[in-house]
$ cat entry.cif   # mmCIF, C-alpha atoms
data_entry
loop_
_atom_site.group_PDB
_atom_site.id
_atom_site.type_symbol
_atom_site.label_atom_id
_atom_site.label_comp_id
_atom_site.auth_asym_id
_atom_site.auth_seq_id
_atom_site.Cartn_x
_atom_site.Cartn_y
_atom_site.Cartn_z
ATOM 1 C CA MET O 8 37.596 -15.809 44.913
ATOM 2 C CA LYS O 9 39.503 -15.227 41.685
ATOM 3 C CA ASN O 10 37.250 -17.675 39.864
ATOM 4 C CA PHE O 11 34.168 -15.881 41.243
ATOM 5 C CA LEU O 12 35.443 -12.472 40.126
ATOM 6 C CA ALA O 13 36.314 -13.851 36.700
ATOM 7 C CA THR O 14 32.803 -15.269 36.324
ATOM 8 C CA VAL O 15 31.224 -11.966 37.376
ATOM 9 C CA SER O 16 33.481 -10.116 34.950
ATOM 10 C CA VAL O 17 32.519 -12.354 32.026
ATOM 11 C CA ALA O 18 28.804 -12.018 32.851
ATOM 12 C CA ALA O 19 29.109 -8.236 33.080
ATOM 13 C CA MET O 20 30.908 -8.054 29.754
ATOM 14 C CA ALA O 21 28.227 -10.213 28.117
ATOM 15 C CA LEU O 22 25.503 -7.966 29.517
ATOM 16 C CA MET O 23 27.279 -4.817 28.365
ATOM 17 C CA GLY O 24 27.764 -6.376 24.935
ATOM 18 C CA SER O 25 24.055 -7.129 24.732
ATOM 19 C CA ILE O 26 23.136 -3.586 25.718
ATOM 20 C CA ALA O 27 25.662 -2.149 23.279
ATOM 21 C CA GLY O 28 24.247 -4.356 20.520
ATOM 22 C CA ALA O 29 20.755 -3.005 21.152
ATOM 23 C CA ASP O 30 22.028 0.571 21.269
ATOM 24 C CA GLU O 31 23.909 0.123 17.999
ATOM 25 C CA TYR O 32 20.778 -0.592 15.928
ATOM 26 C CA PRO O 33 20.926 -0.139 13.054
ATOM 27 C CA SER O 34 24.442 -1.232 12.181
ATOM 28 C CA LYS O 35 23.822 -2.493 8.627
ATOM 29 C CA THR O 36 21.613 -1.970 5.587
ATOM 30 C CA ILE O 37 17.864 -2.260 6.101
ATOM 31 C CA GLU O 38 15.832 -3.987 3.390
ATOM 32 C CA VAL O 39 12.329 -2.793 2.559
ATOM 33 C CA ILE O 40 10.485 -5.641 0.864
ATOM 34 C CA THR O 41 7.709 -4.827 -1.605
ATOM 35 C CA HIS O 42 5.529 -6.820 -3.967
ATOM 36 C CA ALA O 43 5.477 -4.095 -6.599
ATOM 37 C CA GLY O 44 7.442 -3.615 -9.789
ATOM 38 C CA ASN O 45 9.496 -0.503 -10.440
ATOM 39 C CA GLY O 46 7.433 2.617 -11.039
ATOM 40 C CA GLY O 47 4.166 1.441 -9.498
ATOM 41 C CA GLY O 48 2.451 3.408 -6.755
ATOM 42 C CA THR O 49 3.712 1.120 -3.978
ATOM 43 C CA ASP O 50 7.281 1.203 -5.268
ATOM 44 C CA VAL O 51 7.243 5.006 -5.543
ATOM 45 C CA THR O 52 5.735 5.429 -2.061
ATOM 46 C CA THR O 53 8.349 3.118 -0.547
ATOM 47 C CA ARG O 54 11.245 4.947 -2.186
ATOM 48 C CA MET O 55 9.908 8.362 -1.166
ATOM 49 C CA MET O 56 9.663 7.205 2.456
ATOM 50 C CA MET O 57 13.258 5.990 2.310
ATOM 51 C CA LEU O 58 14.671 9.324 1.146
ATOM 52 C CA ARG O 59 14.560 10.778 4.663
ATOM 53 C CA ALA O 60 14.315 7.548 6.660
ATOM 54 C CA ARG O 61 17.930 6.785 5.711
ATOM 55 C CA ARG O 62 18.972 9.973 7.458
ATOM 56 C CA GLU O 63 16.752 9.338 10.438
ATOM 57 C CA LEU O 64 18.128 5.833 10.956
ATOM 58 C CA LYS O 65 21.666 6.778 9.872
ATOM 59 C CA THR O 66 22.034 3.726 7.647
ATOM 60 C CA ASP O 67 21.380 2.712 4.073
ATOM 61 C CA MET O 68 18.035 1.287 3.001
ATOM 62 C CA VAL O 69 17.326 -0.690 -0.172
ATOM 63 C CA VAL O 70 14.166 -1.893 -1.885
ATOM 64 C CA VAL O 71 13.819 -5.638 -2.449
ATOM 65 C CA ASN O 72 11.123 -6.441 -5.010
ATOM 66 C CA LYS O 73 9.385 -9.802 -4.535
ATOM 67 C CA LYS O 74 6.667 -9.862 -7.173
ATOM 68 C CA GLY O 75 3.872 -12.393 -7.532
ATOM 69 C CA GLY O 76 0.691 -13.756 -6.035
ATOM 70 C CA GLY O 77 -0.863 -10.401 -5.170
ATOM 71 C CA GLY O 78 1.751 -9.903 -2.474
ATOM 72 C CA ALA O 79 1.881 -13.550 -1.374
ATOM 73 C CA VAL O 80 5.462 -14.022 -2.590
ATOM 74 C CA ALA O 81 6.633 -10.967 -0.642
ATOM 75 C CA MET O 82 4.733 -11.961 2.509
ATOM 76 C CA ASP O 83 5.883 -15.570 2.457
ATOM 77 C CA HIS O 84 9.462 -14.429 1.893
ATOM 78 C CA TYR O 85 9.171 -12.013 4.786
ATOM 79 C CA LEU O 86 8.266 -14.846 7.139
ATOM 80 C CA THR O 87 11.687 -16.396 6.439
ATOM 81 C CA VAL O 88 13.839 -13.404 7.432
ATOM 82 C CA PRO O 89 14.916 -12.663 11.024
ATOM 83 C CA ALA O 90 12.761 -10.492 13.315
ATOM 84 C CA ASP O 91 15.659 -8.121 13.979
ATOM 85 C CA GLY O 92 14.464 -4.878 12.401
ATOM 86 C CA TYR O 93 16.725 -5.179 9.361
ATOM 87 C CA SER O 94 13.797 -5.960 7.091
ATOM 88 C CA ILE O 95 10.567 -3.979 6.756
ATOM 89 C CA LEU O 96 7.553 -5.096 4.727
ATOM 90 C CA THR O 97 5.448 -2.685 2.690
ATOM 91 C CA PHE O 98 1.831 -3.676 3.384
ATOM 92 C CA THR O 99 -1.109 -2.590 1.225
ATOM 93 C CA ILE O 100 -4.800 -3.223 0.654
ATOM 94 C CA GLY O 101 -3.677 -5.879 -1.844
ATOM 95 C CA HIS O 102 -1.877 -7.757 0.917
ATOM 96 C CA ALA O 103 -5.043 -7.539 3.007
ATOM 97 C CA ALA O 104 -6.992 -9.182 0.169
ATOM 98 C CA THR O 105 -4.405 -11.943 -0.153
ATOM 99 C CA VAL O 106 -4.542 -12.589 3.596
ATOM 100 C CA ALA O 107 -8.370 -12.613 3.455
ATOM 101 C CA LYS O 108 -8.274 -15.241 0.681
ATOM 102 C CA GLY O 109 -5.791 -17.396 2.583
ATOM 103 C CA LYS O 110 -3.310 -17.267 -0.311
ATOM 104 C CA THR O 111 -0.321 -16.622 1.955
ATOM 105 C CA GLU O 112 1.184 -18.299 4.994
ATOM 106 C CA MET O 113 1.144 -14.923 6.737
ATOM 107 C CA THR O 114 -1.636 -13.940 9.136
ATOM 108 C CA LEU O 115 -2.205 -10.695 10.992
ATOM 109 C CA ASP O 116 -0.713 -12.340 14.070
ATOM 110 C CA ASP O 117 2.656 -12.478 12.279
ATOM 111 C CA ILE O 118 3.115 -8.730 11.863
ATOM 112 C CA ARG O 119 3.441 -5.579 13.915
ATOM 113 C CA PRO O 120 2.169 -2.303 12.385
ATOM 114 C CA ILE O 121 4.664 0.557 12.115
ATOM 115 C CA ALA O 122 3.184 3.446 10.104
ATOM 116 C CA ARG O 123 0.916 4.263 7.155
ATOM 117 C CA GLY O 124 2.308 6.261 4.258
ATOM 118 C CA THR O 125 -0.669 6.839 1.954
ATOM 119 C CA ASP O 126 -4.433 6.660 2.001
ATOM 120 C CA ASP O 127 -5.071 6.960 -1.715
ATOM 121 C CA PRO O 128 -8.627 6.744 -3.121
ATOM 122 C CA GLN O 129 -9.235 4.483 -6.094
ATOM 123 C CA ILE O 130 -9.845 6.498 -9.247
ATOM 124 C CA LEU O 131 -11.547 5.380 -12.435
ATOM 125 C CA MET O 132 -9.608 6.798 -15.372
ATOM 126 C CA VAL O 133 -10.190 6.906 -19.123
ATOM 127 C CA ARG O 134 -8.443 8.210 -22.206
ATOM 128 C CA CYS O 135 -9.113 11.915 -22.420
ATOM 129 C CA GLY O 136 -12.047 12.598 -24.729
ATOM 130 C CA ALA O 137 -13.437 9.050 -24.609
ATOM 131 C CA TYR O 138 -16.473 10.175 -22.555
ATOM 132 C CA ALA O 139 -17.994 13.623 -22.212
ATOM 133 C CA ASP O 140 -18.230 13.416 -18.425
ATOM 134 C CA ALA O 141 -18.864 11.056 -15.497
ATOM 135 C CA ASP O 142 -22.581 10.811 -16.273
ATOM 136 C CA ALA O 143 -21.849 9.783 -19.850
ATOM 137 C CA PHE O 144 -19.325 7.244 -18.557
ATOM 138 C CA VAL O 145 -21.984 5.621 -16.372
ATOM 139 C CA ALA O 146 -24.698 5.818 -19.054
ATOM 140 C CA ALA O 147 -22.491 4.036 -21.571
ATOM 141 C CA GLN O 148 -22.011 1.126 -19.187
ATOM 142 C CA LYS O 149 -25.730 0.744 -18.700
ATOM 143 C CA GLU O 150 -25.998 0.137 -22.435
ATOM 144 C CA ALA O 151 -23.039 -2.224 -22.832
ATOM 145 C CA PRO O 152 -20.146 -3.519 -20.721
ATOM 146 C CA ILE O 153 -16.707 -1.999 -21.087
ATOM 147 C CA SER O 154 -13.238 -3.294 -20.258
ATOM 148 C CA TYR O 155 -11.430 -2.218 -17.092
ATOM 149 C CA GLY O 156 -7.696 -2.560 -16.635
ATOM 150 C CA THR O 157 -6.603 -3.551 -13.140
ATOM 151 C CA THR O 158 -3.519 -4.865 -11.410
ATOM 152 C CA HIS O 159 -4.050 -8.575 -10.740
ATOM 153 C CA LEU O 160 -7.408 -10.241 -9.993
ATOM 154 C CA GLY O 161 -9.392 -10.667 -6.779
ATOM 155 C CA ASN O 162 -7.848 -7.520 -5.379
ATOM 156 C CA ILE O 163 -8.799 -3.933 -4.562
ATOM 157 C CA ASP O 164 -8.767 -2.830 -8.217
ATOM 158 C CA ASP O 165 -11.181 -5.336 -9.698
ATOM 159 C CA VAL O 166 -13.284 -5.347 -6.511
ATOM 160 C CA SER O 167 -13.607 -1.571 -6.985
ATOM 161 C CA ALA O 168 -14.651 -1.938 -10.636
ATOM 162 C CA PHE O 169 -17.137 -4.724 -9.919
ATOM 163 C CA MET O 170 -18.746 -2.957 -6.965
ATOM 164 C CA PHE O 171 -18.952 0.380 -8.826
ATOM 165 C CA THR O 172 -20.763 -1.169 -11.788
ATOM 166 C CA LYS O 173 -22.921 -3.450 -9.645
ATOM 167 C CA LYS O 174 -24.148 -0.752 -7.270
ATOM 168 C CA GLY O 175 -24.542 1.701 -10.157
ATOM 169 C CA GLY O 176 -26.835 -0.607 -12.105
ATOM 170 C CA MET O 177 -24.297 -1.011 -14.908
ATOM 171 C CA GLN O 178 -23.396 -4.082 -16.889
ATOM 172 C CA THR O 179 -20.673 -6.360 -15.550
ATOM 173 C CA PRO O 180 -17.321 -5.187 -16.888
ATOM 174 C CA LYS O 181 -14.603 -7.241 -18.546
ATOM 175 C CA ILE O 182 -11.534 -7.191 -16.296
ATOM 176 C CA VAL O 183 -8.078 -7.166 -17.917
ATOM 177 C CA PRO O 184 -5.209 -7.594 -15.412
ATOM 178 C CA PHE O 185 -1.750 -6.039 -15.770
ATOM 179 C CA ASP O 186 1.444 -6.471 -13.784
ATOM 180 C CA GLY O 187 1.557 -2.972 -12.328
ATOM 181 C CA GLY O 188 0.102 0.515 -12.340
ATOM 182 C CA GLY O 189 2.789 1.941 -14.591
ATOM 183 C CA GLU O 190 2.110 -0.612 -17.324
ATOM 184 C CA LEU O 191 -1.648 -0.227 -16.910
ATOM 185 C CA ALA O 192 -1.508 3.556 -17.393
ATOM 186 C CA THR O 193 0.543 3.070 -20.564
ATOM 187 C CA GLN O 194 -1.855 0.450 -21.935
ATOM 188 C CA LEU O 195 -4.874 2.644 -21.192
ATOM 189 C CA VAL O 196 -3.363 5.345 -23.410
ATOM 190 C CA ALA O 197 -2.651 2.713 -26.072
ATOM 191 C CA GLY O 198 -6.326 1.681 -26.094
ATOM 192 C CA ALA O 199 -5.893 -1.822 -24.665
ATOM 193 C CA VAL O 200 -8.753 -1.134 -22.213
ATOM 194 C CA ASP O 201 -11.632 1.346 -21.998
ATOM 195 C CA ALA O 202 -11.034 2.367 -18.388
ATOM 196 C CA ALA O 203 -8.538 1.714 -15.624
ATOM 197 C CA VAL O 204 -8.582 1.618 -11.848
ATOM 198 C CA LEU O 205 -5.545 3.653 -10.823
ATOM 199 C CA ASN O 206 -4.144 6.083 -8.290
ATOM 200 C CA LEU O 207 -2.741 9.498 -9.083
ATOM 201 C CA ALA O 208 0.807 8.327 -8.351
ATOM 202 C CA GLU O 209 0.498 5.604 -10.976
ATOM 203 C CA ALA O 210 -0.780 7.790 -13.825
ATOM 204 C CA GLY O 211 0.678 11.187 -12.956
ATOM 205 C CA SER O 212 2.801 11.590 -16.076
ATOM 206 C CA GLN O 213 -0.021 10.513 -18.424
ATOM 207 C CA ILE O 214 -2.438 12.909 -16.703
ATOM 208 C CA ASP O 215 0.061 15.760 -16.963
ATOM 209 C CA ALA O 216 0.486 14.960 -20.663
ATOM 210 C CA GLY O 217 -3.287 15.146 -21.220
ATOM 211 C CA ASP O 218 -3.530 11.527 -22.293
ATOM 212 C CA VAL O 219 -5.415 10.127 -19.283
ATOM 213 C CA CYS O 220 -8.317 11.800 -17.475
ATOM 214 C CA PRO O 221 -9.682 10.851 -14.033
ATOM 215 C CA ILE O 222 -13.458 10.547 -14.369
ATOM 216 C CA VAL O 223 -14.812 9.189 -11.034
ATOM 217 C CA VAL O 224 -13.206 9.072 -7.583
ATOM 218 C CA LEU O 225 -14.275 6.197 -5.319
ATOM 219 C CA ALA O 226 -14.171 8.195 -2.105
ATOM 220 C CA ASN O 227 -16.529 9.867 0.332
ATOM 221 C CA GLU O 228 -15.371 13.368 -0.626
ATOM 222 C CA ARG O 229 -13.649 14.961 -3.602
ATOM 223 C CA MET O 230 -9.875 14.882 -3.612
ATOM 224 C CA ALA O 231 -7.979 18.119 -3.077
ATOM 225 C CA GLY O 232 -5.881 17.350 -6.143
ATOM 226 C CA LEU O 233 -8.955 16.637 -8.300
ATOM 227 C CA PRO O 234 -11.538 19.205 -7.183
ATOM 228 C CA ASP O 235 -13.529 18.957 -10.432
ATOM 229 C CA VAL O 236 -13.850 15.163 -10.473
ATOM 230 C CA LYS O 237 -17.071 13.721 -9.041
ATOM 231 C CA THR O 238 -17.152 11.009 -6.428
ATOM 232 C CA ALA O 239 -19.211 7.870 -6.907
ATOM 233 C CA LYS O 240 -21.284 8.825 -3.866
ATOM 234 C CA GLU O 241 -22.183 12.168 -5.461
ATOM 235 C CA MET O 242 -23.598 10.151 -8.332
ATOM 236 C CA GLY O 243 -25.712 8.036 -6.000
ATOM 237 C CA ILE O 244 -23.365 5.038 -6.140
ATOM 238 C CA ASP O 245 -22.413 3.987 -2.613
ATOM 239 C CA VAL O 246 -18.852 2.829 -3.278
ATOM 240 C CA SER O 247 -15.707 3.963 -1.471
ATOM 241 C CA PHE O 248 -12.378 2.177 -1.848
ATOM 242 C CA SER O 249 -8.892 3.375 -1.068
ATOM 243 C CA THR O 250 -5.435 2.040 -1.754
ATOM 244 C CA VAL O 251 -3.472 2.287 1.457
ATOM 245 C CA ARG O 252 0.241 1.700 1.710
ATOM 246 C CA GLY O 253 2.183 1.375 4.909
ATOM 247 C CA PHE O 254 4.874 -0.563 6.697
ATOM 248 C CA VAL O 255 5.020 -3.467 9.133
ATOM 249 C CA VAL O 256 7.666 -5.605 10.820
ATOM 250 C CA HIS O 257 7.711 -9.041 12.405
ATOM 251 C CA LYS O 258 5.603 -9.272 15.551
ATOM 252 C CA ASP O 259 8.680 -10.537 17.445
ATOM 253 C CA THR O 260 10.790 -7.510 16.583
ATOM 254 C CA PRO O 261 12.188 -6.115 19.866
ATOM 255 C CA ASP O 262 10.043 -3.281 21.207
ATOM 256 C CA GLU O 263 12.867 -0.755 21.285
ATOM 257 C CA VAL O 264 13.778 -1.527 17.664
ATOM 258 C CA ALA O 265 10.176 -1.358 16.410
ATOM 259 C CA GLU O 266 9.678 1.940 18.253
ATOM 260 C CA GLN O 267 12.862 3.326 16.727
ATOM 261 C CA ILE O 268 11.707 2.338 13.239
ATOM 262 C CA GLU O 269 8.286 3.915 13.810
ATOM 263 C CA ALA O 270 9.794 7.178 15.044
ATOM 264 C CA ALA O 271 12.157 7.294 12.057
ATOM 265 C CA LEU O 272 9.438 6.578 9.483
ATOM 266 C CA MET O 273 7.016 9.046 11.044
ATOM 267 C CA ASN O 274 9.672 11.762 11.059
ATOM 268 C CA SER O 275 10.621 11.007 7.470
ATOM 269 C CA MET O 276 7.031 11.025 6.201
ATOM 270 C CA ASN O 277 6.133 14.185 8.090
ATOM 271 C CA HIS O 278 9.131 15.936 6.542
ATOM 272 C CA GLY O 279 8.586 18.436 3.762
ATOM 273 C CA VAL O 280 10.125 16.144 1.139
ATOM 274 C CA TYR O 281 7.581 13.375 1.654
ATOM 275 C CA GLN O 282 4.739 15.832 2.230
ATOM 276 C CA GLY O 283 5.601 17.410 -1.109
ATOM 277 C CA PHE O 284 5.293 13.978 -2.698
ATOM 278 C CA LEU O 285 1.852 13.504 -1.133
ATOM 279 C CA GLU O 286 0.750 16.889 -2.438
ATOM 280 C CA SER O 287 2.017 16.034 -5.915
ATOM 281 C CA VAL O 288 -0.300 13.021 -6.063
ATOM 282 C CA GLY O 289 -3.307 14.861 -4.676
ATOM 283 C CA LEU O 290 -3.005 13.654 -1.081
ATOM 284 C CA ASP O 291 -2.248 15.447 2.165
ATOM 285 C CA SER O 292 -0.741 14.979 5.613
ATOM 286 C CA THR O 293 -3.689 12.906 6.862
ATOM 287 C CA SER O 294 -2.230 9.968 4.924
ATOM 288 C CA VAL O 295 0.533 9.577 7.511
ATOM 289 C CA VAL O 296 -0.465 7.877 10.763
ATOM 290 C CA GLY O 297 1.330 5.844 13.422
ATOM 291 C CA SER O 298 1.178 2.230 14.502
ATOM 292 C CA GLU O 299 -2.058 2.285 16.515
ATOM 293 C CA GLU O 300 -4.307 3.798 13.837
ATOM 294 C CA TRP O 301 -2.530 1.874 11.089
ATOM 295 C CA GLY O 302 -2.954 -1.395 12.977
ATOM 296 C CA ASN O 303 -6.676 -0.816 13.411
ATOM 297 C CA GLN O 304 -7.014 -0.081 9.703
ATOM 298 C CA ILE O 305 -5.135 -3.234 8.707
ATOM 299 C CA THR O 306 -7.567 -5.348 10.719
ATOM 300 C CA THR O 307 -10.548 -3.532 9.190
ATOM 301 C CA MET O 308 -9.150 -3.909 5.667
ATOM 302 C CA VAL O 309 -8.833 -7.662 5.960
ATOM 303 C CA THR O 310 -12.371 -7.961 7.370
ATOM 304 C CA ASP O 311 -13.917 -5.702 4.701
ATOM 305 C CA MET O 312 -12.022 -7.298 1.821
ATOM 306 C CA GLU O 313 -13.125 -10.745 2.955
ATOM 307 C CA ALA O 314 -16.767 -9.614 2.931
ATOM 308 C CA ALA O 315 -16.475 -7.993 -0.524
ATOM 309 C CA LEU O 316 -14.642 -10.968 -2.047
ATOM 310 C CA LYS O 317 -17.301 -13.341 -0.714
ATOM 311 C CA GLU O 318 -20.049 -11.202 -2.243
ATOM 312 C CA LEU O 319 -18.279 -11.279 -5.602
ATOM 313 C CA GLY O 320 -17.655 -15.019 -5.418
ATOM 314 C CA PHE O 321 -13.865 -14.913 -5.210
ATOM 315 C CA ILE O 322 -13.939 -16.842 -1.933
ATOM 316 C CA GLU O 323 -16.572 -19.045 -0.339
#

$ encode --input "entry.cif" --output "structure tokens"
Amino acid sequence: MKNFLATVSVAAMALMGSIAGADEYPSKTIEVITHAGNGGGTDVTTRMMMLRARRELKTDMVVVNKKGGGGAVAMDHYLTVPADGYSILTFTIGHAATVAKGKTEMTLDDIRPIARGTDDPQILMVRCGAYADADAFVAAQKEAPISYGTTHLGNIDDVSAFMFTKKGGMQTPKIVPFDGGGELATQLVAGAVDAAVLNLAEAGSQIDAGDVCPIVVLANERMAGLPDVKTAKEMGIDVSFSTVRGFVVHKDTPDEVAEQIEAALMNSMNHGVYQGFLESVGLDSTSVVGSEEWGNQITTMVTDMEAALKELGFIE
């Protein structure tokens, strides 16, 4: 009888310990893994999310930068860490392109969507004064090709530039890749390229200084933060591309942990601090969505990027 009671007691203690362990999440620092260098749009978005998420989760959060391969290094690294909720992966349209090209071990079956943080239209930018207006910008490219600065190759940026010029009847541009949006914005001002594919978050300081001017937005409608800048569709060029940034975890992350992370990130990104950040880069509250809508968009992104990359010859 004593042996039976001792066995029951040990089993009960083990069960209680397991429950307590689940209830204690998180009990250590959470890493947020990104592919971006410091100062780029993805890095800034990640850090802005973390400002309030730390308070929501009541633990510290740190950024871990794993640069290289258009996100492949970050994704492949993420596959090696435990599915315990102590690591979150920032996932972008660039990751979708890398998955579509098969340049990473990761597939969509390996991840579980958590929340989207930005839905940021691609913007074609030039040095202020280089072109009179958007029409002059397009007309110049019908006469001769220009150089576009992008981040990496075979990704959303150069796909955007190629499709804009192709569908607009312009000459094929020369693509010059840079390591990140911050460097690209600086090099555009320096004259290293004629135009750049950027987001407002990546070139905000140069725009404020009057050095860089957005000239065409690749979106269906004008941006609230750039009401005077034409869209490609207004100009009869049927091109719409957006840089999206959000967060995912391992598919095997326990449901209660994944749900806790989603609730924390949604609360943090719906807070006034993060909403103020969105407003500062010309976006609004519609950027923030939960796991279901974000998951559907991830699947669509991979499918659409695969089709575009095939058309441009990046993949067979």

$ closest_residue --input "entry.cif" --among "O:Arg61, O:Lys240, O:Arg123, O:Lys73" --to "Ser275 (chain O)" --atoms "all atoms listed in the file"
O:Arg61

$ closest_atom_pairs --input "entry.cif" --of "region 212-274 of chain O" --to "region 307-311 of chain O" --cutoff "12 Å" --atoms "all atoms listed in the file" --output "JSON lines"
{"residue": "O:Ser247", "atom": "CA", "partner": "O:Asp311", "partner_atom": "CA", "distance": 11.6}
{"residue": "O:Phe248", "atom": "CA", "partner": "O:Met308", "partner_atom": "CA", "distance": 10.2}
{"residue": "O:Ser249", "atom": "CA", "partner": "O:Met308", "partner_atom": "CA", "distance": 9.9}
{"residue": "O:Thr250", "atom": "CA", "partner": "O:Met308", "partner_atom": "CA", "distance": 10.2}
{"residue": "O:Val251", "atom": "CA", "partner": "O:Met308", "partner_atom": "CA", "distance": 9.4}
{"residue": "O:Arg252", "atom": "CA", "partner": "O:Met308", "partner_atom": "CA", "distance": 11.6}

$ residues_near_point --input "entry.cif" --point "(-14.2, 12.4, -3.0)" --cutoff "9 Å" --atoms "all atoms listed in the file" --output "PDB file with C-alpha atoms, keeping the file's coordinate frame"
ATOM      1  CA  PRO O 128      -8.627   6.744  -3.121  1.00  0.00           C
ATOM      2  CA  VAL O 223     -14.812   9.189 -11.034  1.00  0.00           C
ATOM      3  CA  VAL O 224     -13.206   9.072  -7.583  1.00  0.00           C
ATOM      4  CA  LEU O 225     -14.275   6.197  -5.319  1.00  0.00           C
ATOM      5  CA  ALA O 226     -14.171   8.195  -2.105  1.00  0.00           C
ATOM      6  CA  ASN O 227     -16.529   9.867   0.332  1.00  0.00           C
ATOM      7  CA  GLU O 228     -15.371  13.368  -0.626  1.00  0.00           C
ATOM      8  CA  ARG O 229     -13.649  14.961  -3.602  1.00  0.00           C
ATOM      9  CA  MET O 230      -9.875  14.882  -3.612  1.00  0.00           C
ATOM     10  CA  ALA O 231      -7.979  18.119  -3.077  1.00  0.00           C
ATOM     11  CA  LEU O 233      -8.955  16.637  -8.300  1.00  0.00           C
ATOM     12  CA  PRO O 234     -11.538  19.205  -7.183  1.00  0.00           C
ATOM     13  CA  VAL O 236     -13.850  15.163 -10.473  1.00  0.00           C
ATOM     14  CA  LYS O 237     -17.071  13.721  -9.041  1.00  0.00           C
ATOM     15  CA  THR O 238     -17.152  11.009  -6.428  1.00  0.00           C
ATOM     16  CA  ALA O 239     -19.211   7.870  -6.907  1.00  0.00           C
ATOM     17  CA  LYS O 240     -21.284   8.825  -3.866  1.00  0.00           C
ATOM     18  CA  GLU O 241     -22.183  12.168  -5.461  1.00  0.00           C
ATOM     19  CA  SER O 247     -15.707   3.963  -1.471  1.00  0.00           C
TER      20      SER O 247
END

$ residues_around --input "entry.cif" --residues "region 176-178 of chain O" --least-positions-apart "2" --cutoff "9 Å" --atoms "only C-alpha atoms" --output "short mmCIF file (atom, residue, chain, number, x, y, z; two decimals) with C-alpha atoms, keeping the file's coordinate frame"
data_model
loop_
_atom_site.label_atom_id
_atom_site.label_comp_id
_atom_site.auth_asym_id
_atom_site.auth_seq_id
_atom_site.Cartn_x
_atom_site.Cartn_y
_atom_site.Cartn_z
CA VAL O 145 -21.98 5.62 -16.37
CA ALA O 146 -24.70 5.82 -19.05
CA ALA O 147 -22.49 4.04 -21.57
CA GLN O 148 -22.01 1.13 -19.19
CA LYS O 149 -25.73 0.74 -18.70
CA GLU O 150 -26.00 0.14 -22.44
CA ALA O 151 -23.04 -2.22 -22.83
CA PRO O 152 -20.15 -3.52 -20.72
CA ILE O 153 -16.71 -2.00 -21.09
CA PHE O 171 -18.95 0.38 -8.83
CA THR O 172 -20.76 -1.17 -11.79
CA LYS O 173 -22.92 -3.45 -9.64
CA LYS O 174 -24.15 -0.75 -7.27
CA PRO O 180 -17.32 -5.19 -16.89
CA ILE O 244 -23.36 5.04 -6.14
#

$ resolve_selection --input "entry.cif" --expression "the PyMOL selection byres ((chain O and resi 268-273) around 8)" --output "VMD selection string"
chain O and resid 56 60 63 to 64 92 121 to 122 264 to 267 274 to 277 295 to 298

$ write_last_selection --input "entry.cif" --atoms "C-alpha atoms" --output "mmCIF file, keeping the file's coordinate frame"
data_model
loop_
_atom_site.group_PDB
_atom_site.id
_atom_site.type_symbol
_atom_site.label_atom_id
_atom_site.label_comp_id
_atom_site.auth_asym_id
_atom_site.auth_seq_id
_atom_site.Cartn_x
_atom_site.Cartn_y
_atom_site.Cartn_z
ATOM 1 C CA MET O 56 9.663 7.205 2.456
ATOM 2 C CA ALA O 60 14.315 7.548 6.660
ATOM 3 C CA GLU O 63 16.752 9.338 10.438
ATOM 4 C CA LEU O 64 18.128 5.833 10.956
ATOM 5 C CA GLY O 92 14.464 -4.878 12.401
ATOM 6 C CA ILE O 121 4.664 0.557 12.115
ATOM 7 C CA ALA O 122 3.184 3.446 10.104
ATOM 8 C CA VAL O 264 13.778 -1.527 17.664
ATOM 9 C CA ALA O 265 10.176 -1.358 16.410
ATOM 10 C CA GLU O 266 9.678 1.940 18.253
ATOM 11 C CA GLN O 267 12.862 3.326 16.727
ATOM 12 C CA ASN O 274 9.672 11.762 11.059
ATOM 13 C CA SER O 275 10.621 11.007 7.470
ATOM 14 C CA MET O 276 7.031 11.025 6.201
ATOM 15 C CA ASN O 277 6.133 14.185 8.090
ATOM 16 C CA VAL O 295 0.533 9.577 7.511
ATOM 17 C CA VAL O 296 -0.465 7.877 10.763
ATOM 18 C CA GLY O 297 1.330 5.844 13.422
ATOM 19 C CA SER O 298 1.178 2.230 14.502
#

$ atom_distance --input "entry.cif" --atom1 "CA of Ile322 (chain O)" --atom2 "CA of Thr41 (chain O)"
24.8 Å

$ resolve_selection --input "entry.cif" --expression "the PyMOL selection byres ((chain O and resi 77) around 8)" --output "PyMOL selection string"
chain O and resi 42+74-76+78-80+101-102+105+159+162

$ write_last_selection --input "entry.cif" --atoms "C-alpha atoms" --output "short mmCIF file (atom, residue, chain, number, x, y, z; two decimals), keeping the file's coordinate frame"
data_model
loop_
_atom_site.label_atom_id
_atom_site.label_comp_id
_atom_site.auth_asym_id
_atom_site.auth_seq_id
_atom_site.Cartn_x
_atom_site.Cartn_y
_atom_site.Cartn_z
CA HIS O 42 5.53 -6.82 -3.97
CA LYS O 74 6.67 -9.86 -7.17
CA GLY O 75 3.87 -12.39 -7.53
CA GLY O 76 0.69 -13.76 -6.04
CA GLY O 78 1.75 -9.90 -2.47
CA ALA O 79 1.88 -13.55 -1.37
CA VAL O 80 5.46 -14.02 -2.59
CA GLY O 101 -3.68 -5.88 -1.84
CA HIS O 102 -1.88 -7.76 0.92
CA THR O 105 -4.40 -11.94 -0.15
CA HIS O 159 -4.05 -8.57 -10.74
CA ASN O 162 -7.85 -7.52 -5.38
#

$ atom_distance --input "entry.cif" --atom1 "CA of Val256 (chain O)" --atom2 "CA of Glu190 (chain O)"
29.1 Å

$ atom_distance --input "entry.cif" --atom1 "CA of Tyr32 (chain O)" --atom2 "CA of Asn45 (chain O)"
28.7 Å
